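Each remark here refers to the structure printed beneath this line.
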There are 2 protein chains.
Amino acid sequence: MSDETPQVGRRATLTDVARAAGVSRQTASRVARGGENVNARTAARVRRAIKALGYRPDPIARALSTGRGRIVGLLTHQLTHQRTGLGAVSIMIGVEQAATELGLGVSIATFASFDRGTVQDAVDRLARAGCDGVIFMAPWVSAAKTLRAVEATLPMVATSEVPEYDGLAVHADAAKAAGDVVDHLVSLGHTTVHHVGGPPDWTSSRLRLLGWENALRRTGAEVPEPLIGDWTARSGYEAGLRLADDPSVTAIFAANDEMALGVIYALIERGRHVPEDVSVAGYDDAPGSDYLRPPLTTIKVDDAEHGRQAVAQLILRLNGEPPLPSAVVPHELIIRASTAPHE
Amino acid sequence: MSDETPQVGRRATLTDVARAAGVSRQTASRVARGGENVNARTAARVRRAIKALGYRPDPIARALSTGRGRIVGLLTHQLTHQRTGLGAVSIMIGVEQAATELGLGVSIATFASFDRGTVQDAVDRLARAGCDGVIFMAPWVSAAKTLRAVEATLPMVATSEVPEYDGLAVHADAAKAAGDVVDHLVSLGHTTVHHVGGPPDWTSSRLRLLGWENALRRTGAEVPEPLIGDWTARSGYEAGLRLADDPSVTAIFAANDEMALGVIYALIERGRHVPEDVSVAGYDDAPGSDYLRPPLTTIKVDDAEHGRQAVAQLILRLNGEPPLPSAVVPHELIIRASTAPHE
DNA sequence: TAACAAGATGTTACCGGTAACAGCGCCCTT
DNA sequence: AAGGGCGCTGTTACCGGTAACATCTTGTTA
């Protein structure tokens with residue numbers, strides 16, 4: 001094994017390359033980055049040396065020198081339940097895929113509570129870690145101030161719509177999706193649709209509720225008082241108990257699949273059949289929702305694509321280019337057996 | 001606003017602190033790190049300057065200088081379904097919590113397929129990003145070689161047991177957990193327990209199957225041929241169809257909740273009641289499994305704790321200290337209505 | 001043919017830390 | 001009183017890159 005075998009011993013540096021190619025470090029650096037203003041013959045020689053030595057630039061040194069780390073920060077919270085969990089991990093994977101494709105690293109920071117200080121700590125960690133920009137999974141409604149504070153620290157893209165915040169955000173059109181669910185149920189002959197919403201301080205709750213309400217209004221249907229859950233099946237169950245004994249309830253839209261599960265449980269427990277007596281729809285297309293009894297009508301969003309689009313927007317932002325106008329993640333209404341014609 | 005207001009303008013550096021305190025940069029550095037061999041009075045002066053200027057060390061510069069990045073790498077794959085998805089995100093959160101507590105950053109890299117090259121690329125990315133060590137979520141059986149390759153690049157802790165790999169790993173005792181399920185079913189009067197396993201190249205499949213088999217053997221029960229699924233509810237459904245018509249089947253243990261869902265769907269479709277005719281148990285305690293009909297008996301593992309323990313082991317490893325012997329994540333059998341006495 | 005622009009390369013300094021070593025004062029030995 | 005060790009502090013160099021500027025060729029133009 002010769003001294004120059006790649007991967008053995010100390011990693012090759014630019015200085016090694018320069019020496020091997022008989023040029024200055026600076027010239028080697030120029031070639032390594034793309035070779036502007038370098039003679040073709042020289043460049044070829046340097047490239048040969050790079051290959052022979054297995055040289056790869058050290059991102060840390062580069063970051064120190066340029067002040068830019070070529071790292072995307074991922075800021076997310078620690079709730080582990082369904083809504084956040086599975087969607088979040090898919091978004092993360094999308095982010096990582098897109099970032100890697102662009103040669104960027106990904107650092108993560110999480111926060112346990114939604115208050116300003118905690119979040120700011122997390123952003124600071126990312127900033128100090130050399131992140132050039134942040135993708136912020138900020139799911140709660142009153143995040144506007146926090147978002148502005150984060151944006152002041154680092155360029156940012158949010159992964160949800162946030163009221164009173166007009167910075168960059170990539171998101172699915174949750175209100176439209178909720179409207180699709182309502183339209184579907186109305187078209188099945190239901191005169192109105194009841195709603196079991198998520199916690200009011202969550203953006204997704206708010207938008208799903210809004211979309212539900214607007215769609216009902218649009219069709220001229222009565223808008224019943226919504227019930228509020230906390231995303232868990234148990235809270236869905238409790239809401240379901242309250243709806244089960246009201247014979248005018250024939251269609252229920254739960255803001256996520258888990259709560260839909262609880263709703264169905266309660267309905268059945270009270271002797272009402274799904275979907276014969278009551279149609280139930282969810283949101284998220286959680287794994288397994290196709291083999292519930294009955295299989296659940298729900299909304300599916302491509303979360304990985306969500307993550308990829310967020311990175312795309314962030315990169316444009318970092319390069320000072322105008323954002324893509326099309327940054328809305330597509331959704332799809334998946335109709336299954338939990339919703340059926342009324343009467 | 002004075003020049004010294006923290007957070008305004010350029011971040012304070014060690015040089016700024018040194019100048020403000022009237023000492024050399026080196027002394028300032030010593031104090032910033034803990035103040036060995038520094039006069040108490042001097043140290044106090046430096047600390048005051050640090051506070052006044054809002055100085056915080058730059059991890060990048062430190063990493064360049066020391067060669068250690070104070071970053072934990074998180075290596076995981078891109079499958080988004082249940083088993084990986086939700087468990088993975090919880091482990092990640094645990095990792096991030098523990099790392100943050102220790103003042104470490106977290107970088108992630110994902111890989112799309114299990115082949116050596118792809119995984120090695122991902123580790124390399126982490127290595128170049130300044131990670132000191134890696135937590136590797138390597139869920140497949142034949143990973144031993146890959147693990148050794150990763151370990152050769154960076155100190156590593158795996159989050160699953162891997163056959164023929166004797167490096168550090170933190171994991172739940174999946175075989176024991178599977179045994180607990182079987183024991184529970186046997187104690188209910190079932191003469192044997194059928195199994196719907198996950199893909200054979202997954203460690204968790206293998207261990208759950210092994211634990212199931214051993215427990216049956218131990219109790220002297222017959223060991224029926226296991227059926228193999230792919231973690232999805234659909235595959236559980238298909239397995240369920242094959243078991244449904246065999247009257248000797250009275251208890252089924254599925255290797256995850258999603259497949260259990262499919263199994264139950266098939267059984268009911270074929271007119272067999274759960275749990276009256278057939279008991280079904282799953283694994284994972286997926287959100288909502290408490291409001292399935294019937295609520296699902298399953299195994300719950302504290303994934304966040306899993307992540308925390310992995311970090312703890314990694315840190316010991318990095319410091320050259322002996323690993324904790326107790327690195328087994330506890331699990332819990334959760335008994336619900338999907339399992340019932342036989343006869 | 002002198003002047004000058006553009007291309008190619010090298011030199012120097014710097015990013016913000018840390019390590020290694022040198023120097024200085026002081027107290028304690030002997 | 002000289003020597004030695006210790007506590008504290010400063011100096012210098014280095015980590016692996018990049019930016020800014022200087023220098024030296026060329027080829028082009030007036």
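By convention in this document, the chains of the structure tokens carry letters A, B, ... by their order, each chain's residues are numbered from 1, and ligands are numbered from 1 in the order they are shown.
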
- [ ] Please identify all polymer residues within 9 Å of segment 13-29 of chain D, counting only C-alpha atoms (C1' of nucleotides), omitting same-chain residues fewer than 6 positions from it, and present them as JSON, numbers by chain.
- [x] {"A": [13, 14, 15, 26, 29, 57, 58, 59, 60, 61, 62, 63, 64, 65, 66], "B": [61, 63, 64, 65, 66, 67], "C": [3, 4, 5, 6, 7, 8, 9, 10, 11, 12, 13, 14, 15, 18, 19, 20]}

Task: Which of segment 110-179 of chain A fall in strand (DSSP E or B), as a ChimeraX atom specification - done: /A:110-111,131-136,140,156-158,169,171-172

TODO: Residues of chain A no more than 9 Å from chain B, counting only C-alpha atoms: send them over as a PyMOL selection string.
DONE: chain A and resi 56-61+63-64+69+71+77-82+85-90+93-94+96-97+100+105-111+125-126+128-130+232-234+237+257-259+261-262+264-265+286-293

Let me see the file: selected residues, C-alpha atoms, as a compact mmCIF listing (two decimals), in the first residue's frame.
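Printed below is result-v8.txt as written:
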# COMPACT_ATOMS: atom_id res chain seq x y z
CA ARG A 56 -12.55 15.95 -0.30
CA PRO A 57 -12.96 19.43 1.07
CA ASP A 58 -13.50 19.80 4.78
CA PRO A 59 -16.85 21.46 5.33
CA ILE A 60 -15.82 22.69 8.74
CA ALA A 61 -12.79 24.55 7.50
CA ALA A 63 -17.54 27.01 7.01
CA LEU A 64 -15.09 28.81 9.25
CA GLY A 69 -21.84 26.16 6.70
CA ILE A 71 -26.05 23.20 6.40
CA HIS A 77 -40.89 20.13 18.39
CA GLN A 78 -40.89 17.06 20.53
CA LEU A 79 -44.46 15.88 20.55
CA THR A 80 -44.39 12.31 19.48
CA HIS A 81 -47.97 11.55 18.72
CA GLN A 82 -49.35 10.72 15.34
CA GLY A 85 -44.71 12.10 14.48
CA LEU A 86 -45.34 10.49 11.21
CA GLY A 87 -45.86 13.61 9.21
CA ALA A 88 -42.79 15.15 10.75
CA VAL A 89 -40.52 12.27 10.02
CA SER A 90 -41.66 12.19 6.42
CA ILE A 93 -36.79 12.68 5.13
CA GLY A 94 -37.84 14.93 2.29
CA GLU A 96 -32.70 15.40 4.01
CA GLN A 97 -33.13 14.01 0.50
CA THR A 100 -28.19 15.88 0.22
CA GLY A 105 -25.88 18.83 5.48
CA VAL A 106 -28.82 18.75 7.85
CA SER A 107 -28.74 19.57 11.55
CA ILE A 108 -31.71 19.20 13.79
CA ALA A 109 -32.82 20.93 16.92
CA THR A 110 -35.99 20.27 18.80
CA PHE A 111 -37.90 22.21 21.41
CA ARG A 125 -28.02 26.11 18.55
CA LEU A 126 -28.59 25.75 14.85
CA ARG A 128 -24.01 28.36 16.06
CA ALA A 129 -23.75 24.98 14.38
CA GLY A 130 -23.23 26.76 11.11
CA THR A 232 -55.66 11.43 20.47
CA ALA A 233 -58.07 8.59 19.89
CA ARG A 234 -59.32 9.02 23.44
CA TYR A 237 -63.90 8.81 21.64
CA ASP A 257 -57.36 9.69 11.68
CA GLU A 258 -56.66 8.91 15.28
CA MET A 259 -59.58 10.93 16.53
CA LEU A 261 -60.83 6.07 15.27
CA GLY A 262 -62.09 7.16 18.65
CA ILE A 264 -66.05 5.37 15.40
CA TYR A 265 -65.40 3.44 18.59
CA ALA A 286 -52.24 7.14 8.75
CA PRO A 287 -50.72 3.74 8.03
CA GLY A 288 -53.34 1.08 8.51
CA SER A 289 -56.28 3.39 7.94
CA ASP A 290 -57.05 1.27 4.90
CA TYR A 291 -57.66 -1.78 7.10
CA LEU A 292 -59.74 -0.26 9.81
CA ARG A 293 -63.29 -1.50 9.98

- [ ] Quick one: pull the distance between atom CA of Asp302 of chain A and atom CA of Ala138 of chain A, Å, one decimal.
- [x]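 Rounded to one decimal, the two atoms are 17.9 Å apart.
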
TODO: Could you tell me, as a PyMOL selection string, which residues of segment 87-278 of chain B DSSP assigns to helix (DSSP H, G or I) when given the backbone?
DONE: chain B and resi 87-101+116-128+141-153+174-187+203-219+233-244+257-269

Open item on the list: Using only C-alpha atoms (C1' of nucleotides), can you tell me which of B:Val38, B:Ile252, B:Met137, B:Leu154 comes closest to chain D?
Closed with: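 Distance minimum relative to chain D lands on B:Val38.
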
Open item on the list: When you look at DC6 of chain D with a cut-off of 12 Å (counting only C-alpha atoms (C1' of nucleotides)), what residues show up, excluding the ones that are within fewer than 6 positions of it in the same chain? I need them as a list in words.
Closed with: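 After dropping sequence-adjacent residues, the list is Asn37 of chain B; DC24, DG25, DC26, DC27 and DC28 of chain C.
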
Include C-alpha atoms (C1' of nucleotides) and write out the residues we just selected as a compact mmCIF listing (two decimals), in the first residue's frame.
# COMPACT_ATOMS: atom_id res chain seq x y z
CA ASN B 37 -4.96 27.32 36.03
C1' DC C 24 7.76 35.30 34.88
C1' DG C 25 7.12 35.79 39.70
C1' DC C 26 6.91 33.55 43.99
C1' DC C 27 7.66 30.37 47.73
C1' DC C 28 10.15 26.54 49.42

Any idea what's packed within 6 Å of Ala254 of chain B, counting only C-alpha atoms (C1' of nucleotides), ignoring anything in its chain fewer than 3 positions away? Could you give it as a CSV table (one decimal) with N, CA, C and O atoms, in the first residue's frame?
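Just written: selection-v7.csv:
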chain,number,residue,atom,x,y,z
B,195,HIS,N,-48.0,-17.1,14.2
B,195,HIS,CA,-47.2,-15.8,14.1
B,195,HIS,C,-47.3,-15.3,12.7
B,195,HIS,O,-47.1,-16.0,11.7
B,196,VAL,N,-47.5,-14.0,12.6
B,196,VAL,CA,-47.3,-13.3,11.3
B,196,VAL,C,-46.1,-12.4,11.5
B,196,VAL,O,-46.1,-11.4,12.2
B,260,ALA,N,-51.3,-6.6,12.6
B,260,ALA,CA,-52.4,-7.1,13.4
B,260,ALA,C,-53.7,-6.6,12.9
B,260,ALA,O,-54.7,-7.3,12.9
B,282,GLY,N,-50.4,-7.6,18.8
B,282,GLY,CA,-49.5,-6.9,18.0
B,282,GLY,C,-48.2,-6.5,18.7
B,282,GLY,O,-47.9,-7.1,19.7

- [ ] Find the residues near Glu343 of chain B: any atom within 9 Å, counting only C-alpha atoms (C1' of nucleotides), skip ones fewer than 6 places away on the same chain, and give them as JSON, numbers by chain.
- [x] {"B": [189, 190, 276, 277]}
